[in-house]
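Trainee: Shown below is the structure under consideration.
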Amino acid sequence: LILGWDIGIRYFYPEAAVPPEVATAATAKAQGAGDLGSEGAAARKVDLKAALASPTRVVIDTPRLSGSINLAGARIDDIELKDYRETVRKNSGPVRLFAPEGTSGQYFAEFGFVTGGQRQPSTALWQADGAKLTPETPVTLTRTDAGGVTYAIRFAVDKNYMVTATQTATNRGVAAAIIQPFALIKRTDRNATIDQFVAHSGPVGVFGGTLWDPHSYAELAELGGEKPEGAASWLGFTDQYWLAALVPGKGETDSAGFRSLGDTLFRTDLLYAATTVPAGGSLTQDTRLFAGAKDSQILDFYEESGITYFGKAISWGWFEIFEKPFLWLLRTLNGLVGNFGVAIILLTVIIRGLMFPIAQKQFASMAQMKAVQPKMKEIQERFKDDKQRQQQEIMKLYKDEKVNPLAGCLPLVLQIPIFFALYKVLVLAIEMRHEPFILWIRDLSAPDPAHILNLFGMLPYDVPGFLAIGPLAVLLGITMWLTFKLNPSSAMDPVQQQMFAIMPWILMFVMAPFAAGLLLYWVTSNLLTLAQQSYLYSKHPQLKAANAAAEKQAAKS
């Protein structure tokens, strides 16, 4: 199944590519009148180094960001994140978030104006009043069109990841002009992270006070475009660890949404309402651009400053109430011990310790159920032809013996959101990225790099796909098998027993490509489960004896 699944799905359900002209037509229909157009022809291929060497650039330099603004088109198309390396190697360069149009990783923000229904040329050259944008030195770009309208964009940046663009249009012509400021983010999905159930990658935003993130890039390409209902609080594109988003200012918006441009290109548009600017008049509009890491503390800071649900750019989901305290505790433990892997182990121990009283109640309930099992079987045998009477007698037995059959299930139900939340924290936490553990594990956010089938790198070939089994995956399989062996299986039919016997080894292969930090958490959790079950069985010897007897009887039959 593992080998054939991907091949079978691709064969029976091939993904049809959306031709650019089809996507354009669908987008135009979805976006309606007054949009920014679909940018017909594809941009020519551009070399990154050559593009960044252009003299028409203004340097960006902040404590967290470096890059430049392209004066051709007033684009912020060069952003690197100083706090994060591309790879785990110490000589690796910083993470590149934005890159110029036409490069392999094109991803940029553009600010401009629509005048008289016509968008200004994206190749228009602006003039800058400074050579470097820093938190202390804003930079203003200006240009004047043939109609006598002077446009200005003042860029200011804070010490984190937020750029504020103040767009001003001053009409020095003789006739009134209808002007609409706009902002957009355009990117390719070729370098995007995979959209997962636990970590969304793709278009995202808050509209009408509600988080909107239903589509992957493939789904948006199929739709052509999407304009969510409600006023936009912010909108953009998210990856597992990075975010680029536009935050509208106070002006009324004409449209805000997303579109597919074909050829793996996507765009989010923010177009403000048309304003008639008389001769001698002007208009001003603020828009903010976030371009940086999804650090929960920074996102929450911006949310507290007034950006609705900005912290939900991280895919917390339903169990945010558990996840944020877990992340805080994980950061605190890491600060104390100085090793993120050890912090994961300690966090797992703490959570399992807090859940231990619930596990005790579960085992106590199981012991009670085992104690009344003979009487239950007697009732079932006596009233085997009268199911209604049988149920009545069993319920009476529960009442007389003060046994609650649900008491063993409820603790398990209560634990599910806790442990799922812990799992999600390890997927979402940027703090785990490139953090080492011990020995060969130099990045807990990446899969275990040691592979058994090439003798841990001694043989000169890479192990393909799911066969890349490392020591952590093997430990996962062994510990899970041991926990299944310790659990009672007498109530299972033979098929269920066989499934439980092979499940640990299937999961060993399935989980091998996951982040090493997740496997470390899972192995630790399994070891704690083994210790917990061994202790509780020692406290309830009648339960262990009953299980052993049932196992022996099942083996004979």
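Residues in the structure tokens are numbered from 1 in each chain, the chains being A, B, ... in the order shown, and ligands are numbered from 1 in the order shown.
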Using only C-alpha atoms, which protein or nucleic acid residues come within 12 Å of A:Leu346? Drop anything in the same chain fewer than 2 positions from it, and give the result as a ChimeraX atom specification.
Mentor: /A:326,329-334,336-337,339-344,348-353,520-521,524-525,528
Trainee: Among stretch 72-299 of chain A, which ones does DSSP assign to strand (DSSP E or B) (computed from the backbone)? Answer as JSON, numbers by chain.
Mentor: {"A": [72, 75, 76, 77, 78, 79, 80, 81, 82, 83, 84, 85, 94, 95, 96, 97, 98, 99, 107, 108, 109, 110, 111, 112, 113, 114, 115, 118, 119, 125, 127, 128, 132, 133, 139, 140, 141, 142, 143, 144, 149, 150, 151, 152, 153, 154, 155, 156, 157, 162, 163, 164, 165, 166, 167, 168, 169, 170, 171, 177, 178, 179, 180, 181, 182, 183, 184, 185, 186, 187, 188, 202, 203, 204, 205, 206, 207, 210, 211, 212, 225, 226, 232, 233, 234, 235, 236, 237, 238, 242, 243, 244, 245, 246, 247, 248, 253, 254, 255, 256, 257, 258, 259, 260, 261, 262, 265, 266, 267, 268, 269, 270, 271, 272, 275, 276, 277, 282, 283, 284, 285, 286, 287, 288, 289, 290, 291, 292, 293]}
Trainee: Pick out the residues sitting within 8 Å of stretch 417-423 of chain A, and hand them over as a list of chain:residue names; count only C-alpha atoms, and ignore anything fewer than 6 positions along from it in its own chain.
Mentor: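 In the requested form, the answer reads A:Phe319, A:Glu320, A:Phe322, A:Glu323, A:Phe326, A:Leu518.
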Trainee: Identify, on the basis of only C-alpha atoms, every residue whose closest approach to stretch 167-176 of chain A does not exceed 9 Å; exclude the query and any residue fewer than 5 positions from it along the same chain; express the result as a list in words.
Mentor: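 That gives Phe111, Gly112, Phe113, Gly147, Gly148, Val149, Thr150, Tyr151, Ala152, Ile153, Arg154, Phe155, Pro181, Phe182, Thr276, Val277, Pro278, Ala279, Gly280, Gly281, Ser282, Leu283, Thr284, Gln285, Asp286 and Thr287 of chain A.
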Trainee: List the neighbours of A:Gln240 out to 10 Å using only C-alpha atoms; skip same-chain residues closer than 6 positions along the sequence, and give me the result as a list in words.
Mentor: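 Result of the neighbour search: Ala192, Thr193, Ile194, Asp195, Gln196, Val198, Ala199, His200, Ser201, Gly202, Ala293, Lys294, Ala313, Ile314, Ser315, Val427, Leu428, Ala429 and Ile430 of chain A.
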Trainee: Determine which residues of stretch 83-260 of chain A receive a DSSP assignment of helix (DSSP H, G or I), computed from the backbone, and state them as a ChimeraX atom specification.
Mentor: /A:217-223
Trainee: Could you please determine the separation between atom CA of A:Ile69 and atom CA of A:Lys186 in Å, to one decimal place?
Mentor: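 That distance, rounded to one decimal, is 15.0 Å.
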Trainee: Which distance in Å separates atom CA of A:Leu507 and atom CA of A:Arg442, to one decimal?
Mentor: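 Going from atom CA of A:Leu507 over to atom CA of A:Arg442, I get 23.4 Å.
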Trainee: Excluding A:Leu299 and any residue of its chain fewer than 4 positions from it, enumerate the residues within 7 Å of it, using only C-alpha atoms, and give them as a PyMOL selection string.
Mentor: chain A and resi 294-295+303+310-311
Trainee: Write out as a list in words each polymer residue whose atoms come within 8 Å of A:Ala131, counting only C-alpha atoms; drop sequence neighbours fewer than 5 positions from it.
Mentor: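 In the requested form, the answer reads Val58, Val59 and Val139 of chain A.
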Trainee: Any chance you can output those residues with N, CA, C and O atoms as an mmCIF file, in the first residue's frame?
Mentor:
data_model
loop_
_atom_site.group_PDB
_atom_site.id
_atom_site.type_symbol
_atom_site.label_atom_id
_atom_site.label_comp_id
_atom_site.auth_asym_id
_atom_site.auth_seq_id
_atom_site.Cartn_x
_atom_site.Cartn_y
_atom_site.Cartn_z
ATOM 1 N N VAL A 58 17.164 50.508 -3.242
ATOM 2 C CA VAL A 58 17.363 51.147 -1.946
ATOM 3 C C VAL A 58 17.555 50.043 -0.914
ATOM 4 O O VAL A 58 16.723 49.127 -0.801
ATOM 5 N N VAL A 59 18.632 50.092 -0.161
ATOM 6 C CA VAL A 59 18.981 49.047 0.799
ATOM 7 C C VAL A 59 17.999 49.042 1.973
ATOM 8 O O VAL A 59 17.564 50.102 2.443
ATOM 9 N N VAL A 139 12.251 56.050 4.002
ATOM 10 C CA VAL A 139 12.606 56.428 2.628
ATOM 11 C C VAL A 139 11.315 56.698 1.858
ATOM 12 O O VAL A 139 10.354 55.939 1.972
#
Trainee: One number please: atom CA of A:Trp481 to atom CA of A:Trp522, in Å, one decimal.
Mentor: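 Straight-line distance from atom CA of A:Trp481 to atom CA of A:Trp522 works out to 12.8 Å.
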